[in-house]
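Enquirer: Take this structure, written in structure tokens, and hold onto it; I'll ask about it next.
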Amino acid sequence: LLDIRLGDRSGLEVFHDLRRLDPKSLIIFITGHGTTDTTIETMKLGAYDFLSKPINHELLVKTIDKALQHHRLTRELAASEKRFQVLAEASWEGIVVHENGSLIDANNQFFAMFGYSRDELEEGIFLDKILPPKSRQVVIDHIQNSFFGSFQLTGIKRDGTEFPIETNSRSIYYLNKPTRVCAIRDLSDRVRAEEESLALQNKLAKANKLQALG
């Protein structure tokens, strides 16, 4: 709680000092000399609320309770986002969070997989950059029909190279709004191994056939 008028100092000066010490602090201004301009100024600066004297004690208690709840939820959200980021960076898969095809966040593995820097893809529509037309339409259909799950697609790197990928998506709340999170796995090594195995099986079958013929 901070009064606008504190005698030798302005409450606004103290507000700036407090914010420098803790940018996330929630401050409720109280004053007996409030004007609309003062209220607007304090709210623009980031004050949580503004109460006029004489103070209604019931309103004051409710305002403090709301501020504490807001602070707790903000901390929980920040902790949740930090946990997500730690888990995402620990994964060897590419992890991307998006809203209707607009990128919100992604781990470093995602950017490395497709050959882009974070700045090149951040905060924008990105599907046309990482998926060729056929795969992109599949993803758009899934978004529009709220389909989640695992499926195989073709990805495209920044240099134009196409490669097989497996994606697994689900719905989550991120930054306090509903989004889609998608784990992307590069299948290039697996497909290459399968092709080599198939080639060896064909050679073996051919060799067995020649041996049978004498």
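Chain identifiers are assigned as A, B, and so on, following the order in which chains appear in the structure tokens; residues are numbered from 1 within each chain, and ligands are numbered from 1 in order of appearance.
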I need the residues in chain A that are strand (DSSP E or B) according to DSSP; give them as JSON, numbers by chain.

Expert: {"A": [2, 3, 5, 10, 28, 29, 30, 31, 49, 50, 51, 52, 94, 95, 96, 97, 98, 99, 102, 103, 104, 105, 106, 125, 149, 150, 151, 152, 153, 154, 155, 156, 162, 163, 164, 165, 166, 167, 168, 169, 170, 171, 172, 173, 174, 177, 178, 179, 180, 181, 182, 183, 184, 185, 186]}

Enquirer: Near Asp128 in chain A, counting only C-alpha atoms, which residues have an atom at most 10 Å away, once you skip same-chain residues fewer than 5 positions from it, shown as a PDB file with N, CA, C and O atoms, in the first residue's frame?

Expert:
ATOM      1  N   GLY A 101      -1.291 -21.945 -35.845  1.00  0.00           N
ATOM      2  CA  GLY A 101      -0.214 -21.839 -36.819  1.00  0.00           C
ATOM      3  C   GLY A 101       0.701 -20.653 -36.622  1.00  0.00           C
ATOM      4  O   GLY A 101       1.643 -20.468 -37.383  1.00  0.00           O
ATOM      5  N   PRO A 133       3.694 -27.799 -49.251  1.00  0.00           N
ATOM      6  CA  PRO A 133       2.237 -27.586 -49.357  1.00  0.00           C
ATOM      7  C   PRO A 133       1.364 -28.749 -48.893  1.00  0.00           C
ATOM      8  O   PRO A 133       0.395 -28.547 -48.149  1.00  0.00           O
ATOM      9  N   SER A 135       1.955 -31.357 -46.798  1.00  0.00           N
ATOM     10  CA  SER A 135       2.012 -31.561 -45.350  1.00  0.00           C
ATOM     11  C   SER A 135       1.403 -30.374 -44.611  1.00  0.00           C
ATOM     12  O   SER A 135       0.751 -30.536 -43.571  1.00  0.00           O
ATOM     13  N   ARG A 136       1.621 -29.177 -45.142  1.00  0.00           N
ATOM     14  CA  ARG A 136       1.063 -27.983 -44.499  1.00  0.00           C
ATOM     15  C   ARG A 136      -0.463 -28.032 -44.479  1.00  0.00           C
ATOM     16  O   ARG A 136      -1.091 -27.688 -43.481  1.00  0.00           O
ATOM     17  N   GLN A 137      -1.061 -28.512 -45.565  1.00  0.00           N
ATOM     18  CA  GLN A 137      -2.525 -28.600 -45.610  1.00  0.00           C
ATOM     19  C   GLN A 137      -3.050 -29.622 -44.611  1.00  0.00           C
ATOM     20  O   GLN A 137      -4.104 -29.415 -43.997  1.00  0.00           O
ATOM     21  N   ILE A 156      10.559 -29.375 -44.250  1.00  0.00           N
ATOM     22  CA  ILE A 156      11.470 -28.740 -45.204  1.00  0.00           C
ATOM     23  C   ILE A 156      12.392 -27.783 -44.456  1.00  0.00           C
ATOM     24  O   ILE A 156      11.950 -26.964 -43.658  1.00  0.00           O
TER      25      ILE A 156
END

Enquirer: Could you list, as number ranges by chain, every residue within 8 Å of range 191-197 of chain A, counting only C-alpha atoms and ignoring same-chain residues fewer than 4 positions away?

Expert: A: 164, 187, 201

Enquirer: Find the residues near Val97 in chain A: any atom within 12 Å, counting only C-alpha atoms, skip ones fewer than 2 places away on the same chain, and give them as number ranges by chain.

Expert: A: 81, 84-85, 88, 94-95, 99-107, 110, 122-126, 168-175, 177-184

Enquirer: Just list the residues in range 44-181 of chain A DSSP gives helix (DSSP H, G or I) on the backbone, as a PDB file with C-alpha atoms, in the first residue's frame.

Expert:
ATOM      1  CA  LYS A  44      -0.096   3.400 -16.764  1.00  0.00           C
ATOM      2  CA  LEU A  45       2.985   3.071 -14.574  1.00  0.00           C
ATOM      3  CA  HIS A  57     -12.169  -1.271   4.650  1.00  0.00           C
ATOM      4  CA  GLU A  58     -14.197  -4.049   3.034  1.00  0.00           C
ATOM      5  CA  LEU A  59     -13.098  -2.859  -0.417  1.00  0.00           C
ATOM      6  CA  LEU A  60      -9.511  -2.582   0.800  1.00  0.00           C
ATOM      7  CA  VAL A  61      -9.485  -6.190   2.057  1.00  0.00           C
ATOM      8  CA  LYS A  62     -11.007  -7.443  -1.203  1.00  0.00           C
ATOM      9  CA  THR A  63      -8.473  -5.485  -3.248  1.00  0.00           C
ATOM     10  CA  ILE A  64      -5.557  -6.875  -1.222  1.00  0.00           C
ATOM     11  CA  ASP A  65      -6.947 -10.423  -1.548  1.00  0.00           C
ATOM     12  CA  LYS A  66      -7.235  -9.999  -5.320  1.00  0.00           C
ATOM     13  CA  ALA A  67      -3.691  -8.631  -5.503  1.00  0.00           C
ATOM     14  CA  LEU A  68      -2.325 -11.590  -3.525  1.00  0.00           C
ATOM     15  CA  GLN A  69      -4.221 -14.045  -5.709  1.00  0.00           C
ATOM     16  CA  HIS A  70      -2.920 -12.298  -8.822  1.00  0.00           C
ATOM     17  CA  HIS A  71       0.634 -12.468  -7.476  1.00  0.00           C
ATOM     18  CA  ARG A  72       0.303 -16.164  -6.634  1.00  0.00           C
ATOM     19  CA  LEU A  73      -1.115 -17.055 -10.050  1.00  0.00           C
ATOM     20  CA  THR A  74       1.582 -15.033 -11.791  1.00  0.00           C
ATOM     21  CA  ARG A  75       4.292 -16.901  -9.868  1.00  0.00           C
ATOM     22  CA  GLU A  76       2.668 -20.275 -10.600  1.00  0.00           C
ATOM     23  CA  LEU A  77       2.435 -19.419 -14.292  1.00  0.00           C
ATOM     24  CA  ALA A  78       6.071 -18.320 -14.409  1.00  0.00           C
ATOM     25  CA  ALA A  79       7.129 -21.531 -12.650  1.00  0.00           C
ATOM     26  CA  SER A  80       5.055 -23.614 -15.060  1.00  0.00           C
ATOM     27  CA  GLU A  81       6.592 -21.890 -18.068  1.00  0.00           C
ATOM     28  CA  LYS A  82      10.083 -22.369 -16.631  1.00  0.00           C
ATOM     29  CA  ARG A  83       9.425 -26.088 -16.097  1.00  0.00           C
ATOM     30  CA  PHE A  84       8.180 -26.377 -19.672  1.00  0.00           C
ATOM     31  CA  GLN A  85      11.288 -24.629 -20.999  1.00  0.00           C
ATOM     32  CA  VAL A  86      13.626 -26.853 -18.974  1.00  0.00           C
ATOM     33  CA  LEU A  87      11.872 -29.992 -20.175  1.00  0.00           C
ATOM     34  CA  ALA A  88      11.765 -28.713 -23.747  1.00  0.00           C
ATOM     35  CA  GLU A  89      15.486 -27.964 -23.809  1.00  0.00           C
ATOM     36  CA  ALA A  90      16.257 -31.363 -22.256  1.00  0.00           C
ATOM     37  CA  ASN A 108      16.543 -24.767 -29.587  1.00  0.00           C
ATOM     38  CA  GLN A 109      16.265 -28.247 -31.095  1.00  0.00           C
ATOM     39  CA  PHE A 110      13.286 -27.120 -33.178  1.00  0.00           C
ATOM     40  CA  PHE A 111      15.188 -24.210 -34.727  1.00  0.00           C
ATOM     41  CA  ALA A 112      18.278 -26.357 -35.326  1.00  0.00           C
ATOM     42  CA  MET A 113      16.203 -29.097 -36.963  1.00  0.00           C
ATOM     43  CA  PHE A 114      14.837 -26.741 -39.610  1.00  0.00           C
ATOM     44  CA  ARG A 118      14.921 -17.897 -33.382  1.00  0.00           C
ATOM     45  CA  ASP A 119      14.575 -14.365 -34.780  1.00  0.00           C
ATOM     46  CA  GLU A 120      13.653 -15.672 -38.240  1.00  0.00           C
ATOM     47  CA  LEU A 121      10.609 -17.602 -37.020  1.00  0.00           C
ATOM     48  CA  LEU A 127       4.077 -23.412 -41.165  1.00  0.00           C
ATOM     49  CA  ASP A 128       4.834 -22.307 -44.735  1.00  0.00           C
ATOM     50  CA  LYS A 129       8.541 -22.192 -43.845  1.00  0.00           C
ATOM     51  CA  ILE A 130       8.861 -25.668 -42.329  1.00  0.00           C
ATOM     52  CA  PRO A 133       2.237 -27.586 -49.357  1.00  0.00           C
ATOM     53  CA  LYS A 134       0.835 -31.117 -48.952  1.00  0.00           C
ATOM     54  CA  SER A 135       2.012 -31.561 -45.350  1.00  0.00           C
ATOM     55  CA  ARG A 136       1.063 -27.983 -44.499  1.00  0.00           C
ATOM     56  CA  GLN A 137      -2.525 -28.600 -45.610  1.00  0.00           C
ATOM     57  CA  VAL A 138      -2.700 -31.710 -43.428  1.00  0.00           C
ATOM     58  CA  VAL A 139      -1.634 -29.681 -40.395  1.00  0.00           C
ATOM     59  CA  ILE A 140      -4.083 -26.855 -41.200  1.00  0.00           C
ATOM     60  CA  ASP A 141      -6.925 -29.401 -41.460  1.00  0.00           C
ATOM     61  CA  HIS A 142      -5.936 -30.876 -38.098  1.00  0.00           C
ATOM     62  CA  ILE A 143      -5.892 -27.427 -36.479  1.00  0.00           C
ATOM     63  CA  GLN A 144      -9.283 -26.485 -37.916  1.00  0.00           C
TER      64      GLN A 144
END

Enquirer: Choose the residue, out of A:Pro54, A:Ile4, A:Leu18, A:Pro23, that has the smallest atom-to-atom separation from Thr42 in chain A; count only C-alpha atoms.

Expert: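 Closest to Thr42 in chain A, using only C-alpha atoms: A:Ile4.
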
Enquirer: Report, in Å with one decimal, the straight-line distance from CA of Lys203 in chain A to CA of Thr154 in chain A.

Expert: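 Between these atoms lies a distance of 28.7 Å.
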
Enquirer: Counting only C-alpha atoms, figure out which residue out of A:Asp3, A:Asp186, A:Glu93, A:Asp159 gets nearest to Thr31 in chain A.

Expert: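 Nearest candidate to Thr31 in chain A out of A:Asp3, A:Asp186, A:Glu93, A:Asp159: A:Asp3.
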